[in-house]
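Visitor: My structure file coords32.pdb, PDB, C-alpha atoms, is below:
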ATOM      1  CA  MET E   8      22.218 271.012 -10.428
ATOM      2  CA  THR E   9      22.619 271.179  -6.648
ATOM      3  CA  GLN E  10      21.280 274.261  -4.856
ATOM      4  CA  ILE E  11      21.274 275.287  -1.210
ATOM      5  CA  VAL E  12      18.250 277.454  -0.410
ATOM      6  CA  GLU E  13      16.092 278.592   2.507
ATOM      7  CA  ARG E  14      12.645 276.999   2.285
ATOM      8  CA  THR E  15       9.587 276.071   4.342
ATOM      9  CA  ILE E  16       8.877 272.335   4.083
ATOM     10  CA  LEU E  17       5.337 270.974   4.300
ATOM     11  CA  PHE E  18       4.330 267.357   4.832
ATOM     12  CA  ALA E  19       0.647 266.429   4.547
ATOM     13  CA  ASP E  20      -0.927 263.034   5.163
ATOM     14  CA  LEU E  21      -4.508 261.884   4.643
ATOM     15  CA  ARG E  22      -6.144 260.012   7.503
ATOM     16  CA  GLY E  23      -9.037 257.596   7.189
ATOM     17  CA  SER E  24      -8.066 256.071   3.854
ATOM     18  CA  THR E  25      -7.590 252.581   5.302
ATOM     19  CA  SER E  26     -11.227 252.340   6.350
ATOM     20  CA  LEU E  27     -12.264 253.595   2.899
ATOM     21  CA  TYR E  28     -10.737 250.518   1.270
ATOM     22  CA  GLU E  29     -12.728 248.343   3.658
ATOM     23  CA  SER E  30     -16.044 250.128   3.142
ATOM     24  CA  MET E  31     -15.814 251.166  -0.537
ATOM     25  CA  GLY E  32     -13.619 248.507  -2.119
ATOM     26  CA  ASN E  33     -10.186 248.870  -3.695
ATOM     27  CA  ALA E  34     -11.177 250.537  -6.966
ATOM     28  CA  GLU E  35     -13.408 253.269  -5.522
ATOM     29  CA  ALA E  36     -11.181 253.933  -2.525
ATOM     30  CA  THR E  37      -8.097 254.214  -4.738
ATOM     31  CA  ALA E  38      -9.892 256.750  -6.910
ATOM     32  CA  VAL E  39     -10.929 258.829  -3.870
ATOM     33  CA  VAL E  40      -7.431 258.816  -2.355
ATOM     34  CA  THR E  41      -5.738 259.598  -5.682
ATOM     35  CA  GLN E  42      -8.104 262.498  -6.368
ATOM     36  CA  SER E  43      -7.682 263.812  -2.814
ATOM     37  CA  VAL E  44      -3.883 263.798  -3.033
ATOM     38  CA  ALA E  45      -4.140 265.513  -6.422
ATOM     39  CA  LEU E  46      -6.315 268.171  -4.794
ATOM     40  CA  LEU E  47      -3.675 268.729  -2.098
ATOM     41  CA  ALA E  48      -1.083 269.131  -4.843
ATOM     42  CA  ARG E  49      -3.199 271.713  -6.641
ATOM     43  CA  ILE E  50      -3.564 273.647  -3.395
ATOM     44  CA  VAL E  51       0.218 273.699  -2.993
ATOM     45  CA  GLU E  52       0.664 275.067  -6.498
ATOM     46  CA  SER E  53      -2.122 277.643  -6.093
ATOM     47  CA  MET E  54      -0.293 279.050  -3.060
ATOM     48  CA  GLY E  55       2.980 279.360  -4.946
ATOM     49  CA  GLY E  56       4.535 276.202  -3.571
ATOM     50  CA  GLN E  57       6.213 273.276  -5.291
ATOM     51  CA  VAL E  58       5.272 269.624  -4.818
ATOM     52  CA  VAL E  59       8.497 267.695  -4.275
ATOM     53  CA  LYS E  60       6.896 264.238  -4.270
ATOM     54  CA  THR E  61       3.730 262.369  -3.400
ATOM     55  CA  LEU E  62       3.902 259.788  -0.615
ATOM     56  CA  GLY E  63       1.059 257.305  -0.953
ATOM     57  CA  ASP E  64      -1.674 259.034   1.040
ATOM     58  CA  GLY E  65       0.114 262.370   1.222
ATOM     59  CA  LEU E  66       2.805 264.619  -0.165
ATOM     60  CA  MET E  67       5.890 266.693   0.530
ATOM     61  CA  ALA E  68       6.084 270.283  -0.700
ATOM     62  CA  MET E  69       8.212 273.383  -0.239
ATOM     63  CA  PHE E  70       7.513 277.105  -0.167
ATOM     64  CA  ILE E  71       9.621 280.230  -0.237
ATOM     65  CA  LEU E  72       7.524 281.971   2.442
ATOM     66  CA  PRO E  73       6.112 280.445   5.661
ATOM     67  CA  LYS E  74       2.834 282.367   5.261
ATOM     68  CA  ALA E  75       2.222 280.689   1.879
ATOM     69  CA  ALA E  76       2.825 277.259   3.441
ATOM     70  CA  LEU E  77       0.397 278.081   6.260
ATOM     71  CA  ALA E  78      -2.232 279.261   3.762
ATOM     72  CA  ALA E  79      -1.861 275.962   1.903
ATOM     73  CA  ALA E  80      -2.227 273.966   5.126
ATOM     74  CA  GLU E  81      -5.441 275.774   6.048
ATOM     75  CA  GLU E  82      -6.903 275.313   2.563
ATOM     76  CA  MET E  83      -6.081 271.600   2.770
ATOM     77  CA  HIS E  84      -8.096 271.278   5.977
ATOM     78  CA  ASP E  85     -10.988 273.272   4.531
ATOM     79  CA  SER E  86     -11.024 271.231   1.319
ATOM     80  CA  MET E  87     -11.142 267.900   3.147
ATOM     81  CA  GLU E  88     -14.022 269.178   5.279
ATOM     82  CA  ARG E  89     -15.938 270.193   2.160
ATOM     83  CA  ILE E  90     -15.361 266.807   0.536
ATOM     84  CA  GLY E  91     -16.643 264.942   3.580
ATOM     85  CA  GLY E  92     -19.399 267.408   4.461
ATOM     86  CA  PRO E  93     -23.193 266.986   4.298
ATOM     87  CA  GLY E  94     -24.317 265.273   1.114
ATOM     88  CA  SER E  95     -20.962 263.579   0.561
ATOM     89  CA  SER E  96     -20.943 260.076  -0.896
ATOM     90  CA  LEU E  97     -18.027 259.077   1.345
ATOM     91  CA  PRO E  98     -18.897 256.686   4.200
ATOM     92  CA  GLN E  99     -16.635 258.764   6.447
ATOM     93  CA  PRO E 100     -14.738 262.010   5.840
ATOM     94  CA  LEU E 101     -11.040 262.046   5.071
ATOM     95  CA  LYS E 102      -8.911 264.112   7.403
ATOM     96  CA  VAL E 103      -5.494 265.604   6.921
ATOM     97  CA  GLN E 104      -2.562 266.216   9.244
ATOM     98  CA  VAL E 105       0.088 268.780   8.313
ATOM     99  CA  ALA E 106       3.579 269.564   9.619
ATOM    100  CA  LEU E 107       5.766 272.555   8.727
ATOM    101  CA  ALA E 108       9.442 273.275   9.320
ATOM    102  CA  CYS E 109      11.839 275.727   7.696
ATOM    103  CA  GLY E 110      15.532 276.152   7.236
ATOM    104  CA  GLU E 111      18.368 275.611   4.797
ATOM    105  CA  VAL E 112      17.790 272.675   2.433
ATOM    106  CA  VAL E 113      19.654 271.084  -0.455
ATOM    107  CA  GLN E 114      17.863 270.683  -3.803
ATOM    108  CA  MET E 115      19.357 267.872  -5.849
ATOM    109  CA  SER E 116      18.029 265.679  -8.680
ATOM    110  CA  GLY E 117      14.444 266.753  -8.122
ATOM    111  CA  ASP E 118      14.492 265.967  -4.393
ATOM    112  CA  VAL E 119      15.122 268.048  -1.274
ATOM    113  CA  PHE E 120      17.280 267.155   1.733
ATOM    114  CA  GLY E 121      18.161 268.794   5.023
ATOM    115  CA  ASP E 122      17.287 269.154   8.687
ATOM    116  CA  ALA E 123      14.043 271.011   7.928
ATOM    117  CA  VAL E 124      12.885 268.053   5.819
ATOM    118  CA  ASN E 125      13.672 265.581   8.583
ATOM    119  CA  VAL E 126      12.003 267.717  11.260
ATOM    120  CA  ALA E 127       8.798 268.210   9.248
ATOM    121  CA  ALA E 128       8.594 264.480   8.458
ATOM    122  CA  ARG E 129       9.056 263.470  12.105
ATOM    123  CA  LEU E 130       6.740 266.200  13.352
ATOM    124  CA  LEU E 131       3.948 264.682  11.285
ATOM    125  CA  ASP E 132       4.030 261.659  13.637
ATOM    126  CA  HIS E 133       2.869 263.928  16.465
ATOM    127  CA  ALA E 134      -0.007 265.612  14.613
ATOM    128  CA  GLY E 135      -3.589 264.583  15.259
ATOM    129  CA  ASP E 136      -6.394 264.575  12.717
ATOM    130  CA  ASN E 137      -6.981 268.002  11.168
ATOM    131  CA  GLU E 138      -4.035 269.432  13.090
ATOM    132  CA  THR E 139      -1.230 271.619  11.759
ATOM    133  CA  LEU E 140       2.011 271.560  13.738
ATOM    134  CA  LEU E 141       4.956 273.829  13.024
ATOM    135  CA  THR E 142       8.303 274.792  14.459
ATOM    136  CA  ALA E 143       9.315 278.042  16.152
ATOM    137  CA  ALA E 144      11.311 278.996  13.050
ATOM    138  CA  VAL E 145       8.171 278.836  10.890
ATOM    139  CA  LEU E 146       6.217 280.833  13.458
ATOM    140  CA  ALA E 147       8.900 283.524  13.528
ATOM    141  CA  GLY E 148       8.565 283.908   9.754
ATOM    142  CA  LEU E 149       4.818 284.593   9.889
ATOM    143  CA  PRO E 150       3.307 288.098  10.053
ATOM    144  CA  PRO E 151       2.795 289.245  13.679
ATOM    145  CA  THR E 152      -0.986 289.283  13.149
ATOM    146  CA  GLN E 153      -0.970 285.501  12.568
ATOM    147  CA  ARG E 154       1.277 284.401  15.411
ATOM    148  CA  GLY E 155      -1.467 284.693  18.012
ATOM    149  CA  ARG E 156      -3.323 281.806  16.359
ATOM    150  CA  PHE E 157      -0.848 279.258  17.670
ATOM    151  CA  ARG E 158      -0.570 277.439  20.980
ATOM    152  CA  SER E 159       2.822 276.312  22.220
ATOM    153  CA  LEU E 160       3.234 272.579  22.821
ATOM    154  CA  GLU E 161       6.668 273.312  24.293
ATOM    155  CA  ARG E 162       9.698 271.263  23.231
ATOM    156  CA  MET E 163       9.184 267.813  21.721
ATOM    157  CA  GLN E 164      11.699 265.045  21.233
ATOM    158  CA  LEU E 165      11.469 263.909  17.608
ATOM    159  CA  ARG E 166      12.539 260.483  16.421
ATOM    160  CA  GLY E 167      16.139 260.384  15.212
ATOM    161  CA  ARG E 168      16.988 263.855  16.508
ATOM    162  CA  VAL E 169      19.178 264.667  19.517
ATOM    163  CA  GLU E 170      17.907 268.180  20.240
ATOM    164  CA  PRO E 171      14.195 268.661  21.050
ATOM    165  CA  VAL E 172      12.166 271.012  18.851
ATOM    166  CA  HIS E 173       9.816 273.759  20.047
ATOM    167  CA  VAL E 174       6.451 272.957  18.458
ATOM    168  CA  TYR E 175       3.304 275.043  17.967
ATOM    169  CA  LEU E 176      -0.257 273.958  17.181
ATOM    170  CA  LEU E 177      -2.504 275.970  14.873
ATOM    171  CA  GLU E 178      -5.761 276.843  16.576
ATOM    172  CA  ALA E 179      -8.926 278.540  15.313
ATOM    173  CA  GLN E 180      -8.806 282.128  14.103
ATOM    174  CA  ARG E 181      -9.100 284.529  17.023
ATOM    175  CA  ASN E 182     -11.552 287.385  17.044
ATOM    176  CA  PRO E 183     -10.024 290.807  16.315
ATOM    177  CA  GLY E 184     -10.568 291.909  19.899
ATOM    178  CA  ASP E 185      -9.067 288.776  21.411
ATOM    179  CA  THR E 186      -6.065 289.682  23.536
ATOM    180  CA  ALA E 187      -5.150 286.176  24.608
ATOM    181  CA  ALA E 188      -1.547 285.089  24.792
ATOM    182  CA  THR E 189       0.638 284.971  21.714
ATOM    183  CA  ALA E 190       4.048 283.468  21.289
ATOM    184  CA  PHE E 191       5.781 286.811  20.822
ATOM    185  CA  GLY E 192       3.514 289.371  22.446
ATOM    186  CA  ASP E 193       2.270 290.190  25.909
ATOM    187  CA  MET E 194       0.777 287.206  27.637
ATOM    188  CA  LEU E 195      -2.170 287.060  29.961
ATOM    189  CA  PRO E 196      -1.584 285.214  33.224
ATOM    190  CA  ALA E 197      -2.220 281.507  32.785
ATOM    191  CA  PRO E 198      -3.524 279.305  35.558
ATOM    192  CA  GLU E 199      -0.856 277.357  37.404
ATOM    193  CA  PRO E 200      -0.767 273.882  35.837
ATOM    194  CA  GLU E 201      -1.751 270.930  37.921
ATOM    195  CA  GLY E 202       0.260 267.748  37.689
ATOM    196  CA  ILE E 203      -0.644 264.451  36.092
ATOM    197  CA  ARG E 204       0.716 261.141  37.365
ATOM    198  CA  LEU E 205       1.256 258.295  34.894
ATOM    199  CA  VAL E 206       1.908 254.746  36.071
ATOM    200  CA  TRP E 207       2.795 251.743  33.912
ATOM    201  CA  THR E 208       4.681 248.743  35.386
ATOM    202  CA  THR E 209       7.667 250.301  37.214
ATOM    203  CA  GLN E 210       7.281 253.763  35.666
ATOM    204  CA  ASN E 211       5.617 256.123  38.134
ATOM    205  CA  ARG E 212       6.077 259.722  37.023
ATOM    206  CA  VAL E 213       4.450 263.107  37.527
ATOM    207  CA  TYR E 214       4.445 265.756  34.788
ATOM    208  CA  SER E 215       3.569 269.430  35.022
ATOM    209  CA  GLY E 216       4.495 272.845  33.639
ATOM    210  CA  THR E 217       7.484 272.708  31.320
ATOM    211  CA  ASP E 218       7.360 268.873  31.271
ATOM    212  CA  LEU E 219       4.344 269.099  28.963
ATOM    213  CA  PRO E 220       3.366 267.953  26.416
ATOM    214  CA  VAL E 221       3.932 264.285  27.209
ATOM    215  CA  VAL E 222       4.044 261.910  24.246
ATOM    216  CA  LEU E 223       3.257 258.276  25.031
ATOM    217  CA  GLY E 224       4.481 255.600  22.652
ATOM    218  CA  ARG E 225       6.745 252.661  21.895
ATOM    219  CA  SER E 226       9.690 254.716  20.628
ATOM    220  CA  PRO E 227      12.531 255.108  23.166
ATOM    221  CA  GLN E 228      12.641 258.796  22.230
ATOM    222  CA  VAL E 229       9.109 259.715  23.353
ATOM    223  CA  THR E 230       8.504 261.214  26.775
ATOM    224  CA  TYR E 231       6.817 258.152  28.267
ATOM    225  CA  CYS E 232       7.868 254.857  26.667
ATOM    226  CA  ILE E 233       5.571 251.808  26.701
ATOM    227  CA  ASP E 234       7.444 248.843  25.239
ATOM    228  CA  ASP E 235       4.586 246.858  23.706
ATOM    229  CA  THR E 236       4.024 245.916  20.058
ATOM    230  CA  ARG E 237       0.398 247.076  20.220
ATOM    231  CA  VAL E 238       1.565 250.618  20.963
ATOM    232  CA  SER E 239       2.484 252.965  18.094
ATOM    233  CA  ARG E 240       5.853 254.708  18.124
ATOM    234  CA  SER E 241       4.068 257.990  18.935
ATOM    235  CA  HIS E 242       0.702 256.804  20.216
ATOM    236  CA  ALA E 243      -0.900 259.646  22.177
ATOM    237  CA  ARG E 244      -0.146 263.135  23.472
ATOM    238  CA  ILE E 245      -1.093 264.833  26.742
ATOM    239  CA  ASP E 246      -0.895 268.615  26.885
ATOM    240  CA  TRP E 247      -2.220 271.396  29.097
ATOM    241  CA  HIS E 248      -4.769 273.689  27.483
ATOM    242  CA  GLY E 249      -7.452 275.978  28.850
ATOM    243  CA  GLY E 250      -6.842 274.862  32.409
ATOM    244  CA  THR E 251      -7.254 271.132  31.646
ATOM    245  CA  PHE E 252      -5.198 268.160  30.558
ATOM    246  CA  GLN E 253      -6.071 267.118  26.999
ATOM    247  CA  LEU E 254      -5.361 263.600  25.682
ATOM    248  CA  THR E 255      -5.039 263.317  21.886
ATOM    249  CA  ASP E 256      -4.816 260.006  20.022
ATOM    250  CA  LEU E 257      -2.055 259.911  17.367
ATOM    251  CA  SER E 258      -2.189 256.202  16.576
ATOM    252  CA  TYR E 259      -3.587 253.721  14.084
ATOM    253  CA  ASN E 260      -4.947 251.348  16.752
ATOM    254  CA  GLY E 261      -6.752 253.927  18.872
ATOM    255  CA  THR E 262      -6.528 255.165  22.445
ATOM    256  CA  TYR E 263      -9.130 254.338  25.094
ATOM    257  CA  VAL E 264     -10.013 256.040  28.377
ATOM    258  CA  ARG E 265     -11.977 254.734  31.343
ATOM    259  CA  PHE E 266     -12.457 257.004  34.331
ATOM    260  CA  ASP E 267     -12.639 255.506  37.809
ATOM    261  CA  HIS E 268     -16.209 254.962  39.067
ATOM    262  CA  ASP E 269     -17.490 255.024  35.453
ATOM    263  CA  PRO E 270     -17.778 251.720  33.528
ATOM    264  CA  GLU E 271     -18.008 253.454  30.135
ATOM    265  CA  VAL E 272     -14.925 253.224  27.919
ATOM    266  CA  ILE E 273     -14.269 256.248  25.696
ATOM    267  CA  SER E 274     -12.739 255.404  22.322
ATOM    268  CA  LEU E 275     -10.483 258.035  20.777
ATOM    269  CA  ARG E 276      -9.798 257.509  17.090
ATOM    270  CA  ARG E 277      -7.580 260.482  16.285
ATOM    271  CA  GLY E 278      -9.745 262.429  18.715
ATOM    272  CA  THR E 279      -9.227 264.325  21.968
ATOM    273  CA  CYS E 280     -10.756 264.172  25.429
ATOM    274  CA  THR E 281     -10.248 265.987  28.728
ATOM    275  CA  LEU E 282      -8.610 264.023  31.524
ATOM    276  CA  HIS E 283      -9.933 264.583  35.039
ATOM    277  CA  GLY E 284      -9.808 262.700  38.306
ATOM    278  CA  SER E 285      -8.187 259.327  37.751
ATOM    279  CA  GLY E 286      -8.572 256.315  35.521
ATOM    280  CA  LEU E 287      -6.940 254.182  32.852
ATOM    281  CA  ILE E 288      -5.579 254.919  29.369
ATOM    282  CA  GLY E 289      -5.529 251.916  27.041
ATOM    283  CA  LEU E 290      -3.035 252.148  24.191
ATOM    284  CA  GLY E 291      -4.083 250.058  21.201
ATOM    285  CA  THR E 292      -6.509 247.992  23.279
ATOM    286  CA  PRO E 293      -9.340 248.940  25.686
ATOM    287  CA  PRO E 294      -8.378 249.069  29.371
ATOM    288  CA  THR E 295     -10.854 246.241  30.002
ATOM    289  CA  GLU E 296      -8.380 243.794  28.441
ATOM    290  CA  ALA E 297      -6.323 242.387  31.271
ATOM    291  CA  ASP E 298      -3.052 241.959  29.381
ATOM    292  CA  GLY E 299      -3.275 245.149  27.290
ATOM    293  CA  PRO E 300      -0.820 248.062  27.596
ATOM    294  CA  CYS E 301      -2.668 250.255  30.059
ATOM    295  CA  VAL E 302      -1.433 253.413  31.800
ATOM    296  CA  ARG E 303      -3.040 254.598  35.019
ATOM    297  CA  PHE E 304      -3.422 258.386  35.275
ATOM    298  CA  GLU E 305      -4.245 260.706  38.149
ATOM    299  CA  VAL E 306      -4.792 264.456  37.836
ATOM    300  CA  MET E 307      -3.215 266.011  40.912
ATOM    301  CA  LYS E 308      -3.207 269.289  42.706
ATOM    302  CA  PHE E 309       0.019 271.111  41.949
ATOM    303  CA  ALA E 310       1.063 271.193  45.609
ATOM    304  CA  ASP E 311       0.838 267.413  45.738
ATOM    305  CA  THR E 312       3.077 266.658  42.757
ATOM    306  CA  GLN E 313       6.293 264.716  43.210
ATOM    307  CA  PRO E 314       9.654 265.122  41.437
ATOM    308  CA  HIS E 315       9.589 264.387  37.705
ATOM    309  CA  ASP E 316      11.290 260.971  37.936
ATOM    310  CA  LEU E 317       9.797 258.772  40.595
ATOM    311  CA  TYR E 318      10.104 255.003  40.429
ATOM    312  CA  LEU E 319       8.465 252.635  42.860
TER
END
Take the structure in the file and write it out as structure tokens.
Guide:
Amino acid sequence: MTQIVERTILFADLRGSTSLYESMGNAEATAVVTQSVALLARIVESMGGQVVKTLGDGLMAMFILPKAALAAAEEMHDSMERIGGPGSSLPQPLKVQVALACGEVVQMSGDVFGDAVNVAARLLDHAGDNETLLTAAVLAGLPPTQRGRFRSLERMQLRGRVEPVHVYLLEAQRNPGDTAATAFGDMLPAPEPEGIRLVWTTQNRVYSGTDLPVVLGRSPQVTYCIDDTRVSRSHARIDWHGGTFQLTDLSYNGTYVRFDHDPEVISLRRGTCTLHGSGLIGLGTPPTEADGPCVRFEVMKFADTQPHDLYL
């Protein structure tokens, strides 16, 4: 029977499983991944949700209430941390990325279809390790006391979708007396963003303020497109947080950073680092490789920034 209902859709994906097969062997790694996905499914059910289907290293689920979906996402992160914590037999901990979207969906033949499903699936491409991303609609459905735990990543262009989506990132629980900015309450003054210049071949652009976050990748629909097969469709994300530019790797091949006047190359494997001064960002290959896709960056004073589209 076909039903049209309002639901919150959750996509979860395990990260780090590929290296498990290399280090543990097929049989043991398969057992770990299978048990981990089963654990995620049990978490969904314990929070009142329904697993729609498993997807290799992850799953798709739906919930009636956004707060139940959020509770499941947080328990997923906590469970993976416990599995890979001190004393674990795993050579490296598994991590999980989660994306949430809500809206009207169609239930048919045991599957679920609709814009919320598509948005949650595409949003997962932009989530880093141990990150939970959600849409403004999900945030609006949460209790007011929980909304202050999220940081706006502004509007993102998702693959296959014409209209950009306002995305929020779950951050750590705030202290009861914390009066920092929330999405729906009074906001404390934020420092004026500086600009960041990105240069690759003929693309010379400066981003600041509402231009952020910037997603770098091979897909024509990302903010800053690098047409190279070594670059993932959504490879890395730059956003403004706490008065600094933060670079987060979203790829399978890794993102590398080398600051000017410093020979050390920083390797980001689903990690984050602060960008300052100027230097090079290698996408999929270190910036020391001459023919690799490499973006030059420069953190600029806001007064020195140029118009958004600037081509040399």
Visitor: Expanded to explicit residues, what is the PyMOL selection byres ((chain E and resi 306) around 6) for this file, as a count of residues only?
Guide: 5
Visitor: Just the number, please: distance in Å from CA of Gly167 (chain E) to CA of Asp64 (chain E), one decimal.
Guide: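 A separation of 22.8 Å between them.
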Visitor: So which one's closest to Cys232 (chain E), E:Thr292, E:Thr208, E:Thr251, E:Ser116? Using all atoms listed in the file, please.
Guide: E:Thr208
Visitor: Name the residues that the PyMOL selection byres ((chain E and resi 242) around 6) picks from the file above, as JSON, numbers by chain, using the file's chain letters and numbers.
Guide: {"E": [223, 224, 239, 240, 241, 243, 257, 258]}
Visitor: I need the residue set behind the PyMOL selection byres ((chain E and resi 111) around 8) for this file; please write it as a list in words.
Guide: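 What the PyMOL selection byres ((chain E and resi 111) around 8) grabs from the file is Ile11, Val12, Glu13, Arg14, Cys109, Gly110, Val112, Val113, Gly121, Asp122 and Ala123 of chain E.
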Visitor: Hey, could you make a per-residue contact list for region 112-169 of chain E against region 15-33 of chain E with 9 Å as the cut-off, showing the nearest pair of atoms and its distance in Å to one decimal, counting only C-alpha atoms, sorted by chain and number, as a Markdown table?
Guide:
| residue | atom | partner | partner_atom | distance |
| --- | --- | --- | --- | --- |
| E:Ala123 | CA | E:Ile16 | CA | 6.6 |
| E:Val124 | CA | E:Ile16 | CA | 6.1 |
| E:Ala127 | CA | E:Phe18 | CA | 6.3 |
| E:Ala128 | CA | E:Phe18 | CA | 6.3 |
| E:Leu130 | CA | E:Phe18 | CA | 8.9 |
| E:Leu131 | CA | E:Phe18 | CA | 7.0 |
| E:Asp136 | CA | E:Arg22 | CA | 6.9 |
| E:Asn137 | CA | E:Arg22 | CA | 8.8 |
| E:Val145 | CA | E:Thr15 | CA | 7.2 |
Visitor: Figure out the distance between CA of Glu138 (chain E) and CA of Gln57 (chain E), please, to one decimal in Å.
Guide: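 A separation of 21.4 Å between them.
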Visitor: Work out how far CA of Leu77 (chain E) is from CA of Glu52 (chain E), in Å to one decimal.
Guide: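 About the pair CA of Glu52 (chain E) and CA of Leu77 (chain E): they are 13.1 Å apart.
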Visitor: Under the rule that only C-alpha atoms are counted, which of E:Ala79, E:Leu275, E:Val213, E:Leu72 is the nearest residue to Ala147 (chain E)?
Guide: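 When distances to Ala147 (chain E) are compared using only C-alpha atoms, the smallest one comes from E:Leu72.
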Visitor: Taking all atoms listed in the file into account, which of E:Ser215, E:Ala36, E:Pro150, E:Asn260 comes nearest Lys308 (chain E)?
Guide: E:Ser215
Visitor: Quick one: of E:Ala34, E:Asp118, E:Leu46, E:Asn211, who's nearest to Gln10 (chain E), counting only C-alpha atoms?
Guide: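 Of the candidates, the smallest distance to Gln10 (chain E) is held by E:Asp118.
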Visitor: Mind listing as a ChimeraX atom specification all residues within 7 Å of (7.5, 278.0, -2.9), counting all atoms listed in the file?
Guide: /E:55-57,69-72
Visitor: Which polymer residues have any atom within 10 Å of an atom of Thr236 (chain E), counting only C-alpha atoms, with same-chain residues fewer than 6 positions away left out, as a PyMOL selection string?
Guide: chain E and resi 225+291+300
Visitor: Can you list, as a list in words, every protein, DNA or RNA residue that comes within 7 Å of Arg158 (chain E) when you count all atoms listed in the file, leaving out same-chain residues fewer than 5 positions away?
Guide: Tyr175, Leu176, Leu177 and Glu178 of chain E
Visitor: Identify, on the basis of all atoms listed in the file, every residue whose closest approach to Arg168 (chain E) does not exceed 9 Å; exclude the query and any residue fewer than 3 positions from it along the same chain; express the result as a list in words.
Guide: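 Here the answer would be Asn125, Val126, Gln164, Leu165, Pro171, Val172 and Gln228 of chain E.
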Visitor: As AutoDock Vina command-line options, please: the centre and edge lengths in Å, to one decimal, of an axis-aligned box enclosing every listed atom of region 25-44 of chain E with 5 Å added on each side.
Guide:
--center_x -10.0 --center_y 256.1 --center_z -0.3 --size_x 22.2 --size_y 25.5 --size_z 23.3
Visitor: Hey, which of E:Leu160, E:Leu66, E:Val272, E:Val229 ends up closest to Gln253 (chain E)? Count all atoms listed in the file.
Guide: E:Leu160
Visitor: Since the input lacks some atoms of region 122-137 of chain E, please model N, CA and C atoms and print them as a compact mmCIF listing (two decimals), in the coordinates of the input.
Guide:
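The result, stored in rebuild-v5.txt:
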# COMPACT_ATOMS: atom_id res chain seq x y z
N ASP E 122 17.87 269.30 7.35
CA ASP E 122 17.29 269.15 8.69
C ASP E 122 15.81 269.54 8.70
N ALA E 123 15.45 270.58 7.96
CA ALA E 123 14.04 271.01 7.93
C ALA E 123 13.14 269.91 7.37
N VAL E 124 13.65 269.17 6.39
CA VAL E 124 12.88 268.05 5.82
C VAL E 124 12.69 266.97 6.87
N ASN E 125 13.75 266.63 7.57
CA ASN E 125 13.67 265.58 8.58
C ASN E 125 12.74 265.99 9.72
N VAL E 126 12.84 267.24 10.15
CA VAL E 126 12.00 267.72 11.26
C VAL E 126 10.53 267.69 10.87
N ALA E 127 10.20 268.19 9.69
CA ALA E 127 8.80 268.21 9.25
C ALA E 127 8.25 266.80 9.13
N ALA E 128 9.05 265.87 8.61
CA ALA E 128 8.59 264.48 8.46
C ALA E 128 8.33 263.84 9.81
N ARG E 129 9.23 264.06 10.77
CA ARG E 129 9.06 263.47 12.10
C ARG E 129 7.94 264.16 12.88
N LEU E 130 7.78 265.45 12.65
CA LEU E 130 6.74 266.20 13.35
C LEU E 130 5.36 265.70 12.96
N LEU E 131 5.23 265.20 11.75
CA LEU E 131 3.95 264.68 11.28
C LEU E 131 3.46 263.52 12.16
N ASP E 132 4.40 262.77 12.75
CA ASP E 132 4.03 261.66 13.64
C ASP E 132 3.27 262.13 14.86
N HIS E 133 3.47 263.40 15.24
CA HIS E 133 2.87 263.93 16.46
C HIS E 133 1.59 264.72 16.21
N ALA E 134 1.19 264.83 14.95
CA ALA E 134 -0.01 265.61 14.61
C ALA E 134 -1.25 264.74 14.66
N GLY E 135 -2.31 265.27 15.26
CA GLY E 135 -3.59 264.58 15.26
C GLY E 135 -4.37 264.91 14.00
N ASP E 136 -5.55 264.30 13.87
CA ASP E 136 -6.39 264.58 12.72
C ASP E 136 -6.75 266.05 12.64
N ASN E 137 -6.65 266.60 11.43
CA ASN E 137 -6.98 268.00 11.17
C ASN E 137 -6.14 268.97 12.00
